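Contents: one structure, followed by commentary.
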Amino acid sequence: MFNFEKLEVWQKSVTYADLVHVITRNFPADERFGLTTQIRRAANFASSNITEGAARPPADFAKHLGYAAGSLYETVTQGIIARNQGFLNPADYQKPYAAAEEISRMLSGLRGSLDQ
């Protein structure tokens, strides 16, 4: 097992990416190369940045956690756009939003612990 796999925030971010993939399956076909791809990539990059940072010194790891947070925030904005466009109903929007809030707090806490 790799060290990053032990991180709860990484585990949750992978689960989050899976959730994003599921909720975007029903997006309109004309969004396949637009919003669907954007939100999925951003969700994937959140966990990928945690992974990449875990292989680096603490200061670099902290930077990558910041990149992960940025990707996560990007998915929130894209989720809002999808909801506003009627691609997501309120329930389908709320679940990933709540997960993103939790992951964001976890990233912040882990990042703070590296600064000490």
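How things are named: the first chain in the structure tokens is A, the next is B, and so on; residues count from 1 in each chain; ligands count from 1 in the order shown.
Residues lying within 12 Å of Ala54 (chain A), counting only C-alpha atoms and ignoring same-chain neighbours fewer than 2 positions away, are Phe2, Asn3, Phe4, Glu5, Lys6, Leu7, Val9, Trp10, Ser47, Ser48, Asn49, Ile50, Thr51, Glu52, Arg56, Pro57, Pro58, Ala59, Asp60, Phe61, Ala62, Lys63, His64, Leu65, Ala68, Leu110, Arg111 and Leu114 of chain A.
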Restricting it to C-alpha atoms, dump the selection as a PDB file, in the first residue's frame.
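As a result, selection_18.pdb now contains:
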ATOM      1  CA  PHE A   2       1.292   3.457  -0.908  1.00  0.00           C
ATOM      2  CA  ASN A   3       1.416   6.117   1.818  1.00  0.00           C
ATOM      3  CA  PHE A   4      -1.177   8.337   0.120  1.00  0.00           C
ATOM      4  CA  GLU A   5      -3.713   5.475   0.146  1.00  0.00           C
ATOM      5  CA  LYS A   6      -3.749   5.684   3.952  1.00  0.00           C
ATOM      6  CA  LEU A   7      -4.902   9.304   3.872  1.00  0.00           C
ATOM      7  CA  VAL A   9      -8.761  12.800   2.500  1.00  0.00           C
ATOM      8  CA  TRP A  10      -7.367  10.934  -0.509  1.00  0.00           C
ATOM      9  CA  SER A  47      -7.161  13.179  -5.720  1.00  0.00           C
ATOM     10  CA  SER A  48      -4.291  13.176  -8.210  1.00  0.00           C
ATOM     11  CA  ASN A  49      -2.750  16.269  -6.647  1.00  0.00           C
ATOM     12  CA  ILE A  50      -2.908  14.680  -3.204  1.00  0.00           C
ATOM     13  CA  THR A  51      -1.179  11.626  -4.656  1.00  0.00           C
ATOM     14  CA  GLU A  52       1.543  13.622  -6.363  1.00  0.00           C
ATOM     15  CA  ARG A  56       7.291  15.207  -2.174  1.00  0.00           C
ATOM     16  CA  PRO A  57       8.787  17.094   0.766  1.00  0.00           C
ATOM     17  CA  PRO A  58       6.282  18.694   3.193  1.00  0.00           C
ATOM     18  CA  ALA A  59       6.415  22.195   1.647  1.00  0.00           C
ATOM     19  CA  ASP A  60       5.701  20.771  -1.809  1.00  0.00           C
ATOM     20  CA  PHE A  61       3.012  18.503  -0.397  1.00  0.00           C
ATOM     21  CA  ALA A  62       1.310  21.583   1.077  1.00  0.00           C
ATOM     22  CA  LYS A  63       1.381  23.242  -2.367  1.00  0.00           C
ATOM     23  CA  HIS A  64      -0.197  20.192  -3.979  1.00  0.00           C
ATOM     24  CA  LEU A  65      -2.898  20.144  -1.322  1.00  0.00           C
ATOM     25  CA  ALA A  68      -6.224  19.803  -4.887  1.00  0.00           C
ATOM     26  CA  LEU A 110      -3.796  18.513   6.561  1.00  0.00           C
ATOM     27  CA  ARG A 111      -2.196  21.520   4.931  1.00  0.00           C
ATOM     28  CA  LEU A 114       2.384  20.488   7.367  1.00  0.00           C
TER      29      LEU A 114
END
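Closest approach to Gly34 (chain A) among A:Ala99, A:Leu107, A:Ala55, A:Ile81: A:Ile81, based on only C-alpha atoms.
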Residues of region 71-107 of chain A at most 9 Å from region 11-16 of chain A: nearest atom pair and distance in Å, only C-alpha atoms, as a Markdown table:
| residue | atom | partner | partner_atom | distance |
| --- | --- | --- | --- | --- |
| A:Leu72 | CA | A:Ser13 | CA | 8.8 |
| A:Pro96 | CA | A:Tyr16 | CA | 6.9 |
| A:Ala99 | CA | A:Tyr16 | CA | 6.8 |
| A:Ala100 | CA | A:Tyr16 | CA | 7.6 |
| A:Glu102 | CA | A:Lys12 | CA | 8.9 |
| A:Ile103 | CA | A:Ser13 | CA | 6.8 |
Shell of 12 Å around Val22 (chain A), only C-alpha atoms, local chain residues under 5 positions omitted, as a list in words:
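What passes the distance filter is Thr15, Tyr16, Ala17, Phe27, Thr36, Ile39, Arg40, Ala43, Leu88, Asp92, Tyr93, Lys95 and Pro96 of chain A.
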Dump as a CSV table (one decimal), in the first residue's frame, selection limited to all heavy atoms:
chain,number,residue,atom,x,y,z
A,15,THR,N,-13.6,8.8,-3.8
A,15,THR,CA,-15.0,8.5,-3.8
A,15,THR,C,-15.8,9.7,-4.4
A,15,THR,O,-16.8,9.5,-5.1
A,15,THR,CB,-15.4,8.3,-2.3
A,15,THR,OG1,-14.7,7.1,-1.8
A,15,THR,CG2,-16.9,8.0,-2.2
A,16,TYR,N,-15.3,10.9,-4.1
A,16,TYR,CA,-15.9,12.1,-4.7
A,16,TYR,C,-15.8,12.1,-6.2
A,16,TYR,O,-16.8,12.4,-6.9
A,16,TYR,CB,-15.2,13.3,-4.1
A,16,TYR,CG,-15.8,14.6,-4.7
A,16,TYR,CD1,-17.0,15.2,-4.2
A,16,TYR,CD2,-15.1,15.4,-5.6
A,16,TYR,CE1,-17.5,16.3,-4.7
A,16,TYR,CE2,-15.6,16.6,-6.1
A,16,TYR,CZ,-16.8,17.1,-5.6
A,16,TYR,OH,-17.3,18.2,-6.1
A,17,ALA,N,-14.7,11.7,-6.8
A,17,ALA,CA,-14.5,11.7,-8.2
A,17,ALA,C,-15.5,10.6,-8.8
A,17,ALA,O,-16.1,10.9,-9.8
A,17,ALA,CB,-13.1,11.3,-8.6
A,27,PHE,N,-25.8,14.1,-18.1
A,27,PHE,CA,-25.7,15.4,-18.7
A,27,PHE,C,-26.0,15.3,-20.2
A,27,PHE,O,-25.8,14.2,-20.8
A,27,PHE,CB,-24.3,16.0,-18.5
A,27,PHE,CG,-24.0,16.6,-17.2
A,27,PHE,CD1,-24.9,16.3,-16.1
A,27,PHE,CD2,-23.0,17.4,-17.0
A,27,PHE,CE1,-24.6,16.9,-14.9
A,27,PHE,CE2,-22.7,18.0,-15.8
A,27,PHE,CZ,-23.5,17.7,-14.7
A,36,THR,N,-19.2,18.4,-18.9
A,36,THR,CA,-19.0,17.0,-18.4
A,36,THR,C,-17.6,16.7,-18.2
A,36,THR,O,-17.1,16.2,-17.2
A,36,THR,CB,-19.7,16.0,-19.3
A,36,THR,OG1,-21.1,16.3,-19.5
A,36,THR,CG2,-19.6,14.6,-18.8
A,39,ILE,N,-15.8,19.0,-15.4
A,39,ILE,CA,-16.1,18.7,-14.0
A,39,ILE,C,-15.5,17.4,-13.6
A,39,ILE,O,-14.9,17.2,-12.5
A,39,ILE,CB,-17.6,18.8,-13.7
A,39,ILE,CG1,-17.9,18.7,-12.2
A,39,ILE,CG2,-18.4,17.7,-14.4
A,39,ILE,CD1,-19.3,19.0,-11.8
A,40,ARG,N,-15.5,16.4,-14.5
A,40,ARG,CA,-14.8,15.1,-14.2
A,40,ARG,C,-13.3,15.3,-14.1
A,40,ARG,O,-12.7,14.7,-13.2
A,40,ARG,CB,-15.2,14.1,-15.4
A,40,ARG,CG,-16.6,13.6,-15.3
A,40,ARG,CD,-16.8,12.7,-16.5
A,40,ARG,NE,-18.1,12.0,-16.3
A,40,ARG,CZ,-18.6,11.1,-17.1
A,40,ARG,NH1,-17.9,10.7,-18.2
A,40,ARG,NH2,-19.8,10.6,-17.0
A,43,ALA,N,-12.5,16.9,-10.8
A,43,ALA,CA,-12.7,16.0,-9.7
A,43,ALA,C,-11.6,15.0,-9.6
A,43,ALA,O,-11.1,14.6,-8.5
A,43,ALA,CB,-14.0,15.2,-9.8
A,88,LEU,N,-28.6,19.1,-13.2
A,88,LEU,CA,-28.7,18.5,-11.9
A,88,LEU,C,-29.9,19.0,-11.1
A,88,LEU,O,-30.1,20.2,-11.1
A,88,LEU,CB,-27.4,18.8,-11.1
A,88,LEU,CG,-26.1,18.2,-11.5
A,88,LEU,CD1,-25.0,18.8,-10.6
A,88,LEU,CD2,-26.1,16.7,-11.4
A,92,ASP,N,-29.3,15.9,-6.5
A,92,ASP,CA,-28.1,15.4,-7.1
A,92,ASP,C,-27.0,16.5,-6.9
A,92,ASP,O,-25.8,16.1,-7.0
A,92,ASP,CB,-28.3,15.1,-8.6
A,92,ASP,CG,-29.1,13.8,-8.8
A,92,ASP,OD1,-29.1,13.0,-7.9
A,92,ASP,OD2,-29.7,13.7,-9.9
A,93,TYR,N,-27.3,17.7,-6.8
A,93,TYR,CA,-26.4,18.8,-6.6
A,93,TYR,C,-25.9,18.8,-5.1
A,93,TYR,O,-24.7,19.0,-4.9
A,93,TYR,CB,-27.0,20.1,-6.9
A,93,TYR,CG,-26.2,21.3,-6.4
A,93,TYR,CD1,-25.1,21.7,-7.1
A,93,TYR,CD2,-26.5,22.0,-5.3
A,93,TYR,CE1,-24.3,22.8,-6.7
A,93,TYR,CE2,-25.8,23.0,-4.8
A,93,TYR,CZ,-24.7,23.4,-5.5
A,93,TYR,OH,-23.9,24.5,-5.1
A,95,LYS,N,-25.5,16.4,-2.7
A,95,LYS,CA,-24.6,15.4,-2.3
A,95,LYS,C,-23.2,15.7,-2.6
A,95,LYS,O,-22.3,15.6,-1.7
A,95,LYS,CB,-25.1,14.0,-2.8
A,95,LYS,CG,-24.3,12.9,-2.2
A,95,LYS,CD,-24.9,11.5,-2.6
A,95,LYS,CE,-24.1,10.4,-1.9
A,95,LYS,NZ,-24.6,9.1,-2.3
A,96,PRO,N,-22.8,16.0,-3.8
A,96,PRO,CA,-21.4,16.3,-4.1
A,96,PRO,C,-21.0,17.6,-3.4
A,96,PRO,O,-19.8,17.8,-3.0
A,96,PRO,CB,-21.3,16.4,-5.6
A,96,PRO,CG,-22.7,16.5,-6.1
A,96,PRO,CD,-23.6,15.9,-5.1
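For the choices A:Glu8, A:Asp30, A:Asp115, A:Glu74, the atom-to-atom distance to Tyr97 (chain A) is smallest for A:Glu74 when using only C-alpha atoms.
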Of the listed residues A:Arg105, A:Ser113, A:Ala91, A:Thr75, that which approaches Leu35 (chain A) most closely, counting only C-alpha atoms:
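Closest candidate: A:Thr75.
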Give me every helix (DSSP H, G or I) residue in chain A, going by DSSP on the backbone, as number ranges by chain.
A: 3-6, 8-23, 29-31, 35-54, 58-84, 90-114
What is the CA of Arg32 (chain A)-CA of Gly66 (chain A) distance in Å, reported with one decimal?
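Calculated distance between CA of Arg32 (chain A) and CA of Gly66 (chain A) is 27.7 Å.
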